[in-house]
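J.: Questions regarding the structure given below will be posed in turn.
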Amino acid sequence: MSEEDKHLSTTLYQKFPVRIERGKGVRVWDTSGKEYIDCMGGYGVALVGHCNPRVVEAIKNQAEKLIVCHMSFYNDAREDFLRRMATIAPRGLSKIFFSNSGAEAVEAALKFSRRYTGKPGIISMSGGYHGKTFGALSATYSEKYRKPFMPLLENVKFLPYTTTRIEDAVDDNIGAVIVEPIQGETGIILPPEGLLQNMREVCTKHGIVLIFDEIQSGLGRTGKMWAGENWKTIPDIMCLAKGLAGGVPIGLTLSKPEIVEVLRVGEHSSTFGGNPLACAAGAATIGSLNEDKLVENAADVGGYFKDGLLELKEKHRIVRDVRGLGMMLALELRFDVRNLLLDGIRHGLLMLYSGKNILRLLPPLVMDKETISQSLETMDELLSEEERRRNV
Ligand SMILES: Cc1ncc(COP(=O)(O)O)c(C=O)c1O
């Protein structure tokens with residue numbers, strides 16, 4: 001047993017037999033020097049690539065200047081980040097709350113909308129994933145995650161993600177609707193045409209707060225800055241985290257001013273939120289997304305990746321479906337993907353799973369076509385091996 005396993009809380013993470021030591025761009029290396037292409041992308045956190053040079057430089061400079069500065073004081077690094085964030089934020093979402101993770105960003109969204117509407121009811125989607133703190137978990141669909149912690153928040157209704165009519169579920173009690181514009185954890189599920197637009201109309205009509213959880217889908221991942229843009233829909237509140245600070249923990253809740261302005265001083269807060277180190281890393285991350293044209297790259301090479309996956313589907317009967325947009329992709333198999341993940345590691349390719357039979361790909365947006373071709377070749381071999389193993 002490793003020292004790490006000895007001390008860590010047990011059974012909370014699936015662990016793979018690899019000890020990662022360093023990373024650069026789309027690649028990571030283990031302690032034996034073996035190289036991997038990282039299509040897992042640190043669960044989507046390595047958005048602008050591992051150790052992105054702009055982010056590294058910003059962290060180094062800021063670490064030498066100031067690491068701690070509570071929100072009770074003004075700070076230049078924070079101001080610079082806010083200014084840059086405002087240039088990419090969806091229209092109208094002009095107020096920003098800082099926290100340190102996705103679940104915290106969702107907690108803030110749920111609290112803000114409760115405070116604004118005074119209504120406790122929430123509509124969430126079947127298959128939706130919003131994190132594991134009590135509020136976020138209450139809006140998360142999976143029984144596996146919810147059941148051991150019941151009772152959670154009451155008044156949460158789950159509607160099928162296939163619906164395009166949410167109005168039937170609205171009553172006087174509903175204050176918020178929360179949705180991932182593209183569901184990540186559940187296996188890269190795109191909304192049916194019209195769902196997000198319908199939500200927008202119904203929420204506006206009934207004075208309900210529409211929350212987009214763009215923690216996995218945002219910041220260029222789908223080839224647009226915001227996944228909601230793919231359906232031309234802007235929410236009232238948007239949650240962000242994951243790759244927003246190049247790997248340094250950060251969470252953001254962007255809101256229309258009238259919603260968050262209802263809260264009084266101290267009604268919601270976060271000690272680490274808005275710390276200069278995360279802000280400097282975040283400003284550099286936005287810099288990289290813009291100046292290195294990573295959103296455009298995600299659209300371009302993401303399309304190339306998806307075409308390659310569709311070819312694999314034609315060739316391999318064990319592939320049931322290929323889905324996704326930009327660099328948020330999935331390959332659904334007819335079987336459990338565990339062997340493929342482990343074989344991938346042996347072949348130098350890291351991938352992520354969703355449920356039992358879905359391979360999820362959240363590669364850094366800095367990936368190029370050559371590395372994608374290399375990944376596709378490896379996946380082709382892995383699928384052939386699996387077919388031989390299963391006699392398909
Ligand atoms: C859509 C979505 N929301 C919320 C979360 C929770 O984020 P965190 O693990 O940072 O709390 C995740 C994490 O995977 C996510 O994908």
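Ordering of the structure tokens sets the chain letters (A, B, ...), residue numbers begin anew at 1 in every chain, and ligands are numbered from 1 in the order given.
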Once DSSP has gone over the backbone, tell me which residues of region 218-345 of chain A are in alpha helix (DSSP H), as a ChimeraX atom specification.

T.: /A:257-260,276-291,294-315,338-345

J.: With N, CA and C atoms kept, could you save the residues just selected as a CSV table (one decimal), in the first residue's frame?

T.:
chain,number,residue,atom,x,y,z
A,257,PRO,N,-27.2,41.8,-11.8
A,257,PRO,CA,-27.0,42.6,-10.6
A,257,PRO,C,-28.3,42.5,-9.7
A,258,GLU,N,-29.5,42.6,-10.3
A,258,GLU,CA,-30.7,42.7,-9.4
A,258,GLU,C,-30.8,41.5,-8.5
A,259,ILE,N,-30.3,40.3,-8.9
A,259,ILE,CA,-30.4,39.1,-8.1
A,259,ILE,C,-29.5,39.2,-6.9
A,260,VAL,N,-28.2,39.4,-7.1
A,260,VAL,CA,-27.3,39.3,-6.0
A,260,VAL,C,-27.3,40.6,-5.1
A,276,PRO,N,-5.4,36.6,-4.4
A,276,PRO,CA,-4.6,37.1,-5.6
A,276,PRO,C,-4.0,36.1,-6.4
A,277,LEU,N,-3.6,34.9,-5.8
A,277,LEU,CA,-2.9,33.9,-6.6
A,277,LEU,C,-3.9,33.3,-7.6
A,278,ALA,N,-5.1,32.9,-7.2
A,278,ALA,CA,-6.1,32.4,-8.1
A,278,ALA,C,-6.5,33.4,-9.1
A,279,CYS,N,-6.6,34.7,-8.7
A,279,CYS,CA,-7.0,35.8,-9.6
A,279,CYS,C,-5.9,36.0,-10.7
A,280,ALA,N,-4.6,36.0,-10.3
A,280,ALA,CA,-3.6,36.1,-11.3
A,280,ALA,C,-3.6,35.0,-12.3
A,281,ALA,N,-3.7,33.8,-11.7
A,281,ALA,CA,-3.8,32.6,-12.6
A,281,ALA,C,-5.0,32.6,-13.5
A,282,GLY,N,-6.1,33.1,-13.0
A,282,GLY,CA,-7.4,33.2,-13.8
A,282,GLY,C,-7.2,34.3,-14.9
A,283,ALA,N,-6.6,35.4,-14.6
A,283,ALA,CA,-6.4,36.4,-15.6
A,283,ALA,C,-5.5,35.9,-16.7
A,284,ALA,N,-4.5,35.1,-16.4
A,284,ALA,CA,-3.6,34.5,-17.4
A,284,ALA,C,-4.3,33.5,-18.2
A,285,THR,N,-5.2,32.7,-17.5
A,285,THR,CA,-6.0,31.7,-18.3
A,285,THR,C,-6.9,32.4,-19.3
A,286,ILE,N,-7.6,33.5,-18.9
A,286,ILE,CA,-8.4,34.2,-19.9
A,286,ILE,C,-7.5,34.7,-21.0
A,287,GLY,N,-6.4,35.2,-20.6
A,287,GLY,CA,-5.4,35.7,-21.6
A,287,GLY,C,-5.1,34.7,-22.6
A,288,SER,N,-4.8,33.5,-22.1
A,288,SER,CA,-4.4,32.4,-23.0
A,288,SER,C,-5.6,32.0,-23.9
A,289,LEU,N,-6.8,31.9,-23.3
A,289,LEU,CA,-8.0,31.6,-24.2
A,289,LEU,C,-8.1,32.6,-25.3
A,290,ASN,N,-7.9,33.8,-25.0
A,290,ASN,CA,-8.1,34.9,-26.0
A,290,ASN,C,-6.9,34.9,-27.0
A,291,GLU,N,-5.7,35.2,-26.4
A,291,GLU,CA,-4.6,35.4,-27.3
A,291,GLU,C,-4.1,34.2,-28.0
A,294,LEU,N,-7.8,29.8,-28.2
A,294,LEU,CA,-8.1,28.4,-27.9
A,294,LEU,C,-9.5,28.0,-28.1
A,295,VAL,N,-10.4,29.0,-28.0
A,295,VAL,CA,-11.8,28.7,-28.3
A,295,VAL,C,-12.0,28.2,-29.7
A,296,GLU,N,-11.4,29.0,-30.6
A,296,GLU,CA,-11.4,28.7,-32.1
A,296,GLU,C,-10.8,27.3,-32.3
A,297,ASN,N,-9.7,27.1,-31.6
A,297,ASN,CA,-9.0,25.8,-31.8
A,297,ASN,C,-9.8,24.7,-31.3
A,298,ALA,N,-10.6,24.9,-30.2
A,298,ALA,CA,-11.4,23.8,-29.7
A,298,ALA,C,-12.5,23.4,-30.7
A,299,ALA,N,-13.0,24.5,-31.4
A,299,ALA,CA,-14.0,24.2,-32.4
A,299,ALA,C,-13.4,23.4,-33.6
A,300,ASP,N,-12.2,23.9,-34.0
A,300,ASP,CA,-11.6,23.3,-35.2
A,300,ASP,C,-11.1,21.9,-34.9
A,301,VAL,N,-10.2,21.7,-33.9
A,301,VAL,CA,-9.6,20.4,-33.7
A,301,VAL,C,-10.7,19.5,-33.0
A,302,GLY,N,-11.6,20.0,-32.3
A,302,GLY,CA,-12.7,19.2,-31.7
A,302,GLY,C,-13.5,18.5,-32.8
A,303,GLY,N,-13.8,19.3,-33.9
A,303,GLY,CA,-14.5,18.7,-35.0
A,303,GLY,C,-13.7,17.6,-35.7
A,304,TYR,N,-12.4,17.8,-35.8
A,304,TYR,CA,-11.5,16.8,-36.3
A,304,TYR,C,-11.5,15.5,-35.5
A,305,PHE,N,-11.5,15.7,-34.1
A,305,PHE,CA,-11.5,14.6,-33.2
A,305,PHE,C,-12.8,13.8,-33.3
A,306,LYS,N,-13.9,14.6,-33.4
A,306,LYS,CA,-15.2,13.9,-33.5
A,306,LYS,C,-15.3,13.1,-34.8
A,307,ASP,N,-14.8,13.6,-35.9
A,307,ASP,CA,-14.9,12.9,-37.2
A,307,ASP,C,-14.1,11.6,-37.0
A,308,GLY,N,-12.9,11.7,-36.3
A,308,GLY,CA,-12.1,10.5,-36.1
A,308,GLY,C,-12.9,9.5,-35.3
A,309,LEU,N,-13.6,9.9,-34.3
A,309,LEU,CA,-14.3,9.0,-33.4
A,309,LEU,C,-15.5,8.4,-34.2
A,310,LEU,N,-16.1,9.1,-35.1
A,310,LEU,CA,-17.2,8.6,-35.9
A,310,LEU,C,-16.6,7.5,-36.8
A,311,GLU,N,-15.4,7.7,-37.3
A,311,GLU,CA,-14.8,6.6,-38.1
A,311,GLU,C,-14.6,5.4,-37.3
A,312,LEU,N,-14.2,5.6,-36.0
A,312,LEU,CA,-14.0,4.4,-35.1
A,312,LEU,C,-15.3,3.7,-34.9
A,313,LYS,N,-16.4,4.4,-34.8
A,313,LYS,CA,-17.7,3.8,-34.6
A,313,LYS,C,-18.0,3.0,-35.9
A,314,GLU,N,-17.7,3.5,-37.1
A,314,GLU,CA,-18.0,2.7,-38.3
A,314,GLU,C,-17.2,1.4,-38.3
A,315,LYS,N,-16.0,1.4,-37.7
A,315,LYS,CA,-15.1,0.3,-37.8
A,315,LYS,C,-15.3,-0.7,-36.7
A,338,ARG,N,-13.8,-0.2,-18.4
A,338,ARG,CA,-12.6,-0.3,-17.4
A,338,ARG,C,-11.3,-0.9,-18.1
A,339,ASN,N,-11.5,-2.0,-18.8
A,339,ASN,CA,-10.3,-2.5,-19.5
A,339,ASN,C,-9.7,-1.5,-20.5
A,340,LEU,N,-10.5,-0.8,-21.2
A,340,LEU,CA,-10.0,0.2,-22.1
A,340,LEU,C,-9.3,1.3,-21.4
A,341,LEU,N,-9.8,1.7,-20.3
A,341,LEU,CA,-9.0,2.8,-19.5
A,341,LEU,C,-7.7,2.3,-19.1
A,342,LEU,N,-7.6,1.1,-18.6
A,342,LEU,CA,-6.4,0.5,-18.1
A,342,LEU,C,-5.4,0.2,-19.2
A,343,ASP,N,-6.0,-0.3,-20.3
A,343,ASP,CA,-5.1,-0.5,-21.5
A,343,ASP,C,-4.6,0.8,-22.1
A,344,GLY,N,-5.5,1.8,-22.0
A,344,GLY,CA,-5.1,3.2,-22.5
A,344,GLY,C,-3.9,3.6,-21.7
A,345,ILE,N,-3.9,3.4,-20.4
A,345,ILE,CA,-2.8,3.8,-19.6
A,345,ILE,C,-1.5,3.1,-20.0

J.: Using only C-alpha atoms and all ligand atoms, which residues of the polymer chains come no farther than 7 Å from ligand 1? I'd like the answer as a list in words.

T.: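 The residues within 7 Å of ligand 1, counting only C-alpha atoms and all ligand atoms, are Tyr43, Ser101, Gly102, Ala103, Glu104, Val106, Tyr129, His130, Gly131, Lys132, Glu180, Gln183, Gly184, Glu185, Asp213, Glu214, Ile215, Gln216, Ala241 and Lys242 of chain A.
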
J.: List the neighbours of region 353-362 of chain A out to 9 Å using only C-alpha atoms; skip same-chain residues closer than 2 positions along the sequence, and give me the result as a ChimeraX atom specification.

T.: /A:38-47,184-188,216,221,327-338,340-341,351,364-365

J.: For CA of Glu377 (chain A) and CA of Pro363 (chain A), quote the distance in Å rounded to one decimal.

T.: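 These atoms are spaced 15.9 Å apart.
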
J.: From the DSSP assignment of the backbone, select every residue of region 64-262 of chain A that is strand (DSSP E or B), and format the answer as a PyMOL selection string.

T.: chain A and resi 95-99+121-125+156-159+174-179+183+189+209-213+237-240+251-255

J.: Can you tell me, as a PyMOL selection string, what residues are no more than 9 Å from Phe97 (chain A) when counting only C-alpha atoms, ignoring any on the same chain fewer than 5 positions away?

T.: chain A and resi 105+108+251-255+260+269+273-274

J.: For Val179 (chain A), which residue among A:Ala136, A:Met150, A:Ile250, A:Ala86 is the nearest when counting only C-alpha atoms?

T.: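 Once distances to Val179 (chain A) are computed over only C-alpha atoms, the minimum belongs to A:Ala136.
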
J.: Please provide the set of residues having any atom within 10 Å of Ser94 (chain A), restricted to only C-alpha atoms, with same-chain residues fewer than 2 positions apart removed, written as number ranges by chain.

T.: A: 82, 85-87, 89-92, 96, 237, 254-257

J.: At a cut-off of 6 Å, using only C-alpha atoms, what residues contact Lys119 (chain A)? Leave out same-chain residues fewer than 6 positions from it and give the result as a list of chain:residue names.

T.: A:Asn173, A:Ile174, A:Gly175

J.: Write out the residues from the selection above, keeping C-alpha atoms, as a PDB file, in the first residue's frame.

T.:
ATOM      1  CA  ASN A 173     -43.085  27.374  -5.091  1.00  0.00           C
ATOM      2  CA  ILE A 174     -40.399  27.261  -7.811  1.00  0.00           C
ATOM      3  CA  GLY A 175     -37.649  29.894  -7.499  1.00  0.00           C
TER       4      GLY A 175
END

J.: Could you tell me how far CA of Asn100 (chain A) sits from CA of Leu244 (chain A), in Å to one decimal place?

T.: 10.5 Å

J.: Near Leu66 (chain A), counting only C-alpha atoms, which residues have an atom at most 10 Å away, once you skip same-chain residues fewer than 2 positions from it, shown as a PyMOL selection string?

T.: chain A and resi 61-64+68-69+75+77+275-277

J.: Please produce a file of those selected residues containing N, CA and C atoms, as a PDB file, in the first residue's frame.

T.:
ATOM      1  N   ASN A  61       5.015  35.315 -10.520  1.00  0.00           N
ATOM      2  CA  ASN A  61       5.084  36.750 -10.216  1.00  0.00           C
ATOM      3  C   ASN A  61       4.212  37.103  -9.020  1.00  0.00           C
ATOM      4  N   GLN A  62       2.998  36.557  -9.014  1.00  0.00           N
ATOM      5  CA  GLN A  62       2.076  36.912  -7.938  1.00  0.00           C
ATOM      6  C   GLN A  62       2.542  36.322  -6.601  1.00  0.00           C
ATOM      7  N   ALA A  63       3.084  35.095  -6.656  1.00  0.00           N
ATOM      8  CA  ALA A  63       3.524  34.434  -5.415  1.00  0.00           C
ATOM      9  C   ALA A  63       4.635  35.246  -4.738  1.00  0.00           C
ATOM     10  N   GLU A  64       5.423  35.911  -5.556  1.00  0.00           N
ATOM     11  CA  GLU A  64       6.505  36.722  -4.967  1.00  0.00           C
ATOM     12  C   GLU A  64       5.997  38.042  -4.402  1.00  0.00           C
ATOM     13  N   VAL A  68      -1.987  36.213  -0.087  1.00  0.00           N
ATOM     14  CA  VAL A  68      -3.234  36.357   0.681  1.00  0.00           C
ATOM     15  C   VAL A  68      -3.692  37.814   0.671  1.00  0.00           C
ATOM     16  N   CYS A  69      -4.940  38.018   0.305  1.00  0.00           N
ATOM     17  CA  CYS A  69      -5.535  39.346   0.484  1.00  0.00           C
ATOM     18  C   CYS A  69      -7.039  39.152   0.574  1.00  0.00           C
ATOM     19  N   ASN A  75      -7.516  44.849  -4.251  1.00  0.00           N
ATOM     20  CA  ASN A  75      -6.274  44.228  -4.727  1.00  0.00           C
ATOM     21  C   ASN A  75      -6.202  44.314  -6.256  1.00  0.00           C
ATOM     22  N   ALA A  77      -4.537  42.437  -8.494  1.00  0.00           N
ATOM     23  CA  ALA A  77      -4.656  41.169  -9.239  1.00  0.00           C
ATOM     24  C   ALA A  77      -6.133  40.801  -9.382  1.00  0.00           C
ATOM     25  N   ASN A 275      -8.747  35.312  -3.866  1.00  0.00           N
ATOM     26  CA  ASN A 275      -7.352  35.500  -3.433  1.00  0.00           C
ATOM     27  C   ASN A 275      -6.456  35.808  -4.643  1.00  0.00           C
ATOM     28  N   PRO A 276      -5.430  36.617  -4.430  1.00  0.00           N
ATOM     29  CA  PRO A 276      -4.642  37.139  -5.554  1.00  0.00           C
ATOM     30  C   PRO A 276      -3.993  36.063  -6.426  1.00  0.00           C
ATOM     31  N   LEU A 277      -3.586  34.941  -5.807  1.00  0.00           N
ATOM     32  CA  LEU A 277      -2.921  33.900  -6.594  1.00  0.00           C
ATOM     33  C   LEU A 277      -3.881  33.306  -7.624  1.00  0.00           C
TER      34      LEU A 277
END

J.: What does the distance from CA of Ile234 (chain A) to CA of Val248 (chain A) come to in Å, to one decimal?

T.: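 We find that CA of Ile234 (chain A) and CA of Val248 (chain A) lie 26.8 Å from each other.
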
J.: Which is closest to Cys51 (chain A) among A:Lys293, A:Lys24, A:Val177, A:Tyr74, if we use only C-alpha atoms?

T.: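 For Cys51 (chain A), the nearest of the given residues is A:Lys24.
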